[in-house]
>>> print(open('start19.cif').read())   # mmCIF, C-alpha atoms (C1' of nucleotides)
data_structure
#
loop_
_atom_site.label_atom_id
_atom_site.label_comp_id
_atom_site.auth_asym_id
_atom_site.auth_seq_id
_atom_site.Cartn_x
_atom_site.Cartn_y
_atom_site.Cartn_z
CA VAL Q 10 97.92 -103.77 23.68
CA VAL Q 11 95.61 -106.43 25.02
CA VAL Q 12 94.42 -104.14 27.80
CA TYR Q 13 93.62 -101.46 25.25
CA ASN Q 14 91.82 -103.94 23.06
CA VAL Q 15 89.62 -105.13 25.87
CA THR Q 16 88.79 -101.57 26.81
CA MET Q 17 87.91 -100.83 23.21
CA LYS Q 18 85.66 -103.82 23.06
CA ALA Q 19 83.70 -102.40 25.96
CA LEU Q 20 83.51 -99.01 24.30
CA ARG Q 21 82.32 -100.60 21.12
CA ARG Q 22 79.55 -102.37 22.96
CA GLY Q 23 78.51 -99.07 24.44
CA ARG Q 24 78.88 -97.36 21.06
CA LYS Q 25 81.15 -94.72 22.49
CA TRP Q 26 82.92 -93.75 19.31
CA ASP Q 27 84.56 -90.57 20.58
CA LEU Q 28 86.12 -92.29 23.54
CA LEU Q 29 87.26 -95.18 21.43
CA GLU Q 30 88.94 -92.97 18.89
CA GLU Q 31 90.59 -91.02 21.68
CA LEU Q 32 91.97 -94.22 23.10
CA LEU Q 33 93.36 -95.22 19.74
CA GLN Q 34 95.05 -91.84 19.36
CA ASP Q 35 96.47 -92.32 22.79
CA MET Q 36 97.95 -95.65 21.80
CA LEU Q 37 99.56 -94.16 18.74
CA SER Q 38 101.01 -91.18 20.57
CA ARG Q 39 102.62 -93.53 23.06
CA GLY Q 40 104.28 -95.31 20.20
CA MET Q 41 102.30 -98.49 20.66
CA GLU Q 42 101.41 -100.63 17.69
CA PRO Q 43 97.72 -101.41 17.40
CA ASP Q 44 97.14 -104.81 15.83
CA ASN Q 45 94.41 -106.33 13.68
CA ILE Q 46 92.26 -106.91 16.71
CA THR Q 47 92.49 -103.24 17.63
CA TYR Q 48 91.63 -102.10 14.14
CA SER Q 49 88.80 -104.52 13.58
CA THR Q 50 87.26 -103.33 16.83
CA VAL Q 51 87.68 -99.72 15.74
CA ILE Q 52 86.19 -100.33 12.31
CA SER Q 53 83.34 -102.34 13.67
CA CYS Q 54 82.54 -99.58 16.17
CA ALA Q 55 82.50 -97.02 13.37
CA ARG Q 56 80.15 -99.28 11.48
CA GLN Q 57 77.80 -99.58 14.42
CA CYS Q 58 77.82 -95.85 14.97
CA ASN Q 59 77.07 -95.16 11.31
CA LEU Q 60 80.39 -93.49 10.69
CA PRO Q 61 81.57 -95.16 7.49
CA ASP Q 62 84.05 -92.41 6.71
CA LYS Q 63 85.79 -93.11 9.98
CA ALA Q 64 85.95 -96.79 9.14
CA VAL Q 65 87.62 -96.02 5.82
CA GLU Q 66 89.94 -93.50 7.37
CA TRP Q 67 91.30 -95.94 9.93
CA PHE Q 68 91.42 -98.79 7.50
CA GLU Q 69 93.70 -96.70 5.31
CA ARG Q 70 95.81 -95.44 8.17
CA MET Q 71 96.23 -98.97 9.34
CA SER Q 72 97.77 -99.99 6.04
CA GLU Q 73 100.00 -96.91 6.09
CA THR Q 74 101.50 -97.99 9.37
CA GLY Q 75 102.37 -101.33 7.87
CA CYS Q 76 99.70 -103.36 9.62
CA VAL Q 77 98.46 -105.91 7.08
CA PRO Q 78 94.74 -106.58 7.34
CA ASP Q 79 93.80 -110.15 8.16
CA GLU Q 80 90.62 -111.99 7.17
CA ILE Q 81 88.55 -110.63 10.03
CA THR Q 82 89.58 -107.06 9.40
CA TYR Q 83 88.67 -107.42 5.74
CA THR Q 84 85.28 -108.80 6.59
CA THR Q 85 84.68 -106.09 9.15
CA MET Q 86 85.52 -103.45 6.59
CA ILE Q 87 83.33 -105.04 3.94
CA ASP Q 88 80.49 -104.98 6.41
CA ALA Q 89 81.16 -101.32 7.14
CA TYR Q 90 80.85 -100.53 3.44
CA SER Q 91 77.77 -102.66 3.18
CA ARG Q 92 76.08 -100.88 6.04
CA ALA Q 93 76.83 -97.56 4.38
CA GLY Q 94 75.27 -98.77 1.14
CA LYS Q 95 78.60 -98.67 -0.66
CA VAL Q 96 78.24 -101.86 -2.62
CA GLU Q 97 80.90 -101.01 -5.19
CA GLU Q 98 83.51 -100.32 -2.56
CA ALA Q 99 82.67 -103.47 -0.69
CA LEU Q 100 83.04 -105.60 -3.80
CA ASN Q 101 86.26 -103.86 -4.77
CA LEU Q 102 87.75 -104.62 -1.42
CA TYR Q 103 86.59 -108.18 -1.68
CA GLU Q 104 88.25 -108.61 -5.07
CA ARG Q 105 91.41 -106.92 -3.93
CA ALA Q 106 91.65 -109.18 -0.92
CA ARG Q 107 91.01 -112.28 -3.00
CA ALA Q 108 93.79 -111.26 -5.34
CA VAL Q 109 96.16 -111.29 -2.41
CA GLY Q 110 95.27 -114.87 -1.68
CA TRP Q 111 92.71 -114.34 1.03
CA ARG Q 112 90.29 -117.20 1.69
CA PRO Q 113 86.90 -115.81 2.61
CA ASP Q 114 85.01 -117.74 5.26
CA THR Q 115 81.39 -118.25 6.23
CA VAL Q 116 81.10 -114.86 7.90
CA THR Q 117 82.49 -113.09 4.84
CA PHE Q 118 80.05 -114.71 2.49
CA THR Q 119 77.19 -114.11 4.85
CA THR Q 120 78.13 -110.44 5.00
CA LEU Q 121 78.13 -110.24 1.21
CA LEU Q 122 74.83 -112.07 0.98
CA LYS Q 123 73.27 -109.73 3.48
CA MET Q 124 74.50 -106.78 1.45
CA TYR Q 125 72.86 -108.07 -1.71
CA GLY Q 126 69.68 -108.72 0.19
CA ILE Q 127 69.55 -105.18 1.51
CA ALA Q 128 70.20 -103.82 -1.96
CA GLY Q 129 67.32 -105.93 -3.25
CA ASP Q 130 69.70 -107.82 -5.53
CA PHE Q 131 68.20 -111.24 -5.16
CA ASP Q 132 70.24 -112.76 -7.99
CA GLY Q 133 73.45 -111.46 -6.49
CA ALA Q 134 72.55 -113.14 -3.22
CA ILE Q 135 71.85 -116.46 -4.92
CA ILE Q 136 75.08 -116.32 -6.91
CA THR Q 137 77.10 -115.57 -3.80
CA PHE Q 138 75.43 -118.41 -1.99
CA GLN Q 139 76.29 -120.82 -4.78
CA GLU Q 140 79.83 -119.55 -5.03
CA MET Q 141 80.25 -120.09 -1.36
CA LYS Q 142 79.16 -123.67 -1.56
CA ALA Q 143 81.30 -124.24 -4.64
CA LEU Q 144 84.33 -123.14 -2.64
CA GLY Q 145 83.48 -125.58 0.09
CA VAL Q 146 82.56 -122.95 2.67
CA GLN Q 147 79.74 -124.22 4.86
CA PRO Q 148 76.69 -122.02 5.29
CA ASN Q 149 75.42 -121.77 8.86
CA VAL Q 150 72.13 -120.69 10.37
CA ILE Q 151 72.90 -117.00 10.02
CA THR Q 152 73.76 -117.50 6.36
CA TYR Q 153 70.41 -119.09 5.73
CA ASN Q 154 68.64 -116.42 7.70
CA SER Q 155 70.24 -113.76 5.53
CA MET Q 156 69.05 -115.64 2.46
CA PHE Q 157 65.52 -115.74 3.81
CA ALA Q 158 65.64 -112.02 4.44
CA ALA Q 159 66.62 -111.46 0.80
CA LEU Q 160 63.97 -113.88 -0.39
CA GLY Q 161 61.32 -112.18 1.69
CA LYS Q 162 62.05 -108.96 -0.07
CA ALA Q 163 61.95 -110.69 -3.45
CA GLU Q 164 58.77 -112.58 -2.57
CA ARG Q 165 60.00 -115.96 -3.66
CA PRO Q 166 58.31 -118.42 -1.34
CA SER Q 167 59.12 -121.50 -3.40
CA VAL Q 168 62.83 -120.80 -3.31
CA ALA Q 169 62.58 -120.21 0.41
CA LYS Q 170 60.82 -123.50 0.90
CA ALA Q 171 63.51 -125.37 -1.00
CA LEU Q 172 66.24 -123.64 0.95
CA PHE Q 173 64.62 -124.47 4.24
CA LYS Q 174 64.51 -128.10 3.25
CA GLU Q 175 68.15 -128.00 2.30
CA MET Q 176 69.01 -126.37 5.58
CA THR Q 177 67.29 -128.90 7.79
CA GLU Q 178 68.61 -131.79 5.73
CA ALA Q 179 72.09 -130.43 6.31
CA GLY Q 180 71.39 -130.85 10.00
CA LEU Q 181 71.16 -127.16 10.81
CA LYS Q 182 68.64 -126.23 13.44
CA PRO Q 183 66.49 -123.22 12.60
CA ASN Q 184 66.26 -120.55 15.27
CA GLN Q 185 63.51 -118.05 16.00
CA VAL Q 186 64.79 -115.63 13.41
CA THR Q 187 64.70 -118.34 10.75
CA LEU Q 188 61.16 -119.32 11.58
CA THR Q 189 59.91 -115.76 11.79
CA SER Q 190 61.35 -114.87 8.40
CA LEU Q 191 59.94 -117.98 6.80
CA LEU Q 192 56.51 -117.48 8.30
CA LYS Q 193 56.48 -113.95 7.06
CA ILE Q 194 57.35 -115.11 3.56
CA TYR Q 195 54.63 -117.77 3.61
CA GLY Q 196 52.13 -115.38 5.10
CA LYS Q 197 52.73 -112.76 2.47
CA ALA Q 198 52.32 -115.38 -0.25
CA ARG Q 199 49.24 -116.74 1.54
CA TRP Q 200 50.74 -120.19 1.71
CA ALA Q 201 48.58 -121.16 4.65
CA ASP Q 202 49.35 -124.88 4.50
CA ASP Q 203 53.07 -124.37 4.57
CA ALA Q 204 52.82 -121.89 7.39
CA LEU Q 205 50.74 -124.22 9.51
CA GLN Q 206 53.02 -127.10 8.64
CA LEU Q 207 55.89 -125.07 10.00
CA TRP Q 208 54.02 -124.58 13.22
CA GLU Q 209 53.49 -128.33 13.43
CA ASN Q 210 57.22 -128.82 12.96
CA MET Q 211 57.89 -126.39 15.75
CA LYS Q 212 55.76 -128.43 18.10
CA GLU Q 213 57.19 -131.77 17.01
CA GLN Q 214 60.79 -130.72 17.17
CA GLY Q 215 60.41 -128.64 20.29
CA TRP Q 216 61.79 -125.54 18.62
CA GLU Q 217 61.53 -122.69 21.05
CA LYS Q 218 59.36 -119.71 20.36
CA ASP Q 219 59.93 -116.18 21.50
CA LEU Q 220 57.62 -113.21 21.72
CA ILE Q 221 58.25 -112.01 18.20
CA LEU Q 222 57.61 -115.46 16.81
CA TYR Q 223 54.32 -115.71 18.68
CA ASN Q 224 53.26 -112.36 17.34
CA THR Q 225 54.15 -113.41 13.82
CA LEU Q 226 52.16 -116.59 14.16
CA LEU Q 227 49.18 -114.72 15.55
CA SER Q 228 49.07 -112.09 12.86
CA MET Q 229 49.50 -114.78 10.28
CA CYS Q 230 46.49 -116.66 11.61
CA ALA Q 231 44.56 -113.43 11.42
CA GLY Q 232 45.75 -112.90 7.87
CA ILE Q 233 44.68 -116.33 6.67
CA GLY Q 234 41.55 -116.51 8.77
CA ARG Q 235 42.45 -119.34 11.13
CA THR Q 236 40.72 -118.23 14.29
CA GLU Q 237 40.94 -121.56 16.09
CA GLU Q 238 44.67 -121.74 15.75
CA ALA Q 239 44.98 -118.19 16.98
CA VAL Q 240 43.06 -119.01 20.13
CA MET Q 241 45.26 -122.03 20.77
CA LEU Q 242 48.37 -119.92 20.35
CA PHE Q 243 47.07 -117.33 22.73
CA GLU Q 244 46.41 -119.92 25.39
CA GLU Q 245 49.81 -121.47 24.86
CA MET Q 246 51.38 -118.08 25.39
CA GLY Q 247 49.58 -117.66 28.66
CA MET Q 248 51.08 -120.91 29.92
CA SER Q 249 54.59 -120.13 28.79
CA GLU Q 250 57.20 -118.74 31.13
CA ASN Q 251 58.62 -115.84 29.22
CA CYS Q 252 56.03 -114.83 26.64
CA LYS Q 253 53.11 -113.35 28.47
CA PRO Q 254 50.60 -111.77 26.11
"C1'" G W 30 93.20 -113.87 28.49
"C1'" U W 31 91.04 -109.40 23.51
"C1'" G W 32 88.35 -108.56 17.41
"C1'" G W 33 83.94 -109.70 12.48
"C1'" A W 34 77.99 -111.50 10.13
"C1'" C W 35 71.10 -112.75 11.61
"C1'" G W 36 67.66 -104.52 8.96
"C1'" G W 37 63.22 -111.49 12.31
"C1'" A W 38 56.66 -109.45 14.81
"C1'" C W 39 52.69 -105.75 15.55
"C1'" C W 40 51.90 -100.23 15.04
"C1'" U W 41 52.82 -99.33 8.67
"C1'" U W 42 49.86 -98.56 3.11
#
>>> encode(input="start19.cif", output="structure tokens")
Amino acid sequence: VVVYNVTMKALRRGRKWDLLEELLQDMLSRGMEPDNITYSTVISCARQCNLPDKAVEWFERMSETGCVPDEITYTTMIDAYSRAGKVEEALNLYERARAVGWRPDTVTFTTLLKMYGIAGDFDGAIITFQEMKALGVQPNVITYNSMFAALGKAERPSVAKALFKEMTEAGLKPNQVTLTSLLKIYGKARWADDALQLWENMKEQGWEKDLILYNTLLSMCAGIGRTEEAVMLFEEMGMSENCKP
RNA sequence: GUGGACGGACCUU
């Protein structure tokens, strides 16, 4: 089974759904018993390939064969629903799993948060975030990034600012995605001071920048009319190793 | 020894 699972992982990475499903059929016809790892890989591949019906189909078949979903399989399936825009189904599954005594973890909550963000349900995202903390589940960088994505859509720069403070005070280090999302939020709200302050922080703390982050900074300077800063950025890019203009 | 979450920039209002 492990050999099959590893092969499936490779197929998932290459998004080869047909081959992966064939392999699963092969396992079943040989009388092997795919486990949670097998099924979560299968479901996740279906999700990546935009085949939500396949995800549901195998999730159901899995239960029929007596394989009880574990926490990762549940989360994978919730994410598959989320990606397909099936919010109701995702929440139903979540409730059902909770009723069976399942303890959702950071990834689960982040997946739910992301779903609310995509749906534009900013309040839902906030509530989930609070619920998560109330249950003692620690948010991580990806959790915060998903919140910023939701906030960007809702155009709530002040909430984003407060969250960012909370995040750094909790000792979490922002990554390029965090900074890009935040800058975009500030830029859209024309909060020039906060945006430039963030850039200062990046220099002080030595937070790395990537190409996308440089581009965001540049277009922000253009948007708020800070030509001098833009020139400095451009020169800095020229000196950097991996971000040639 | 194997499985899950970051729809981040410009082009695009």
>>> resolve_selection(input="start19.cif", expression="the PyMOL selection byres ((chain Q) within 8 of (chain W))", output="number ranges by chain")
Q: 11-12, 14-15, 18, 45-50, 53, 81-82, 84-85, 88, 116-117, 119-120, 127, 151-152, 154-155, 185-187, 189-190, 220-225, 228
>>> atom_distance(input="start19.cif", atom1="CA of Ala106 in chain Q", atom2="CA of Leu33 in chain Q")
25.0 Å
>>> atom_distance(input="start19.cif", atom1="CA of Phe118 in chain Q", atom2="CA of Met141 in chain Q")
6.6 Å
>>> residues_around(input="start19.cif", residues="Leu121 in chain Q", least_positions_apart="3", cutoff="12 Å", atoms="all atoms listed in the file", output="PyMOL selection string")
(chain Q and resi 83-92+94-103+113-118+124-128+130-131+133-138+140-141+152+155-156+159) or (chain W and resi 34)
>>> atom_distance(input="start19.cif", atom1="CA of Leu37 in chain Q", atom2="CA of Asn59 in chain Q")
23.7 Å
>>> closest_residue(input="start19.cif", among="Q:Val51, Q:Ile233, Q:Leu226, Q:Met211", to="Asn184 in chain Q", atoms="all atoms listed in the file")
Q:Met211
>>> closest_residue(input="start19.cif", among="Q:Leu188, Q:Val150, Q:Met248, Q:Ala198", to="Ser167 in chain Q", atoms="only C-alpha atoms")
Q:Ala198
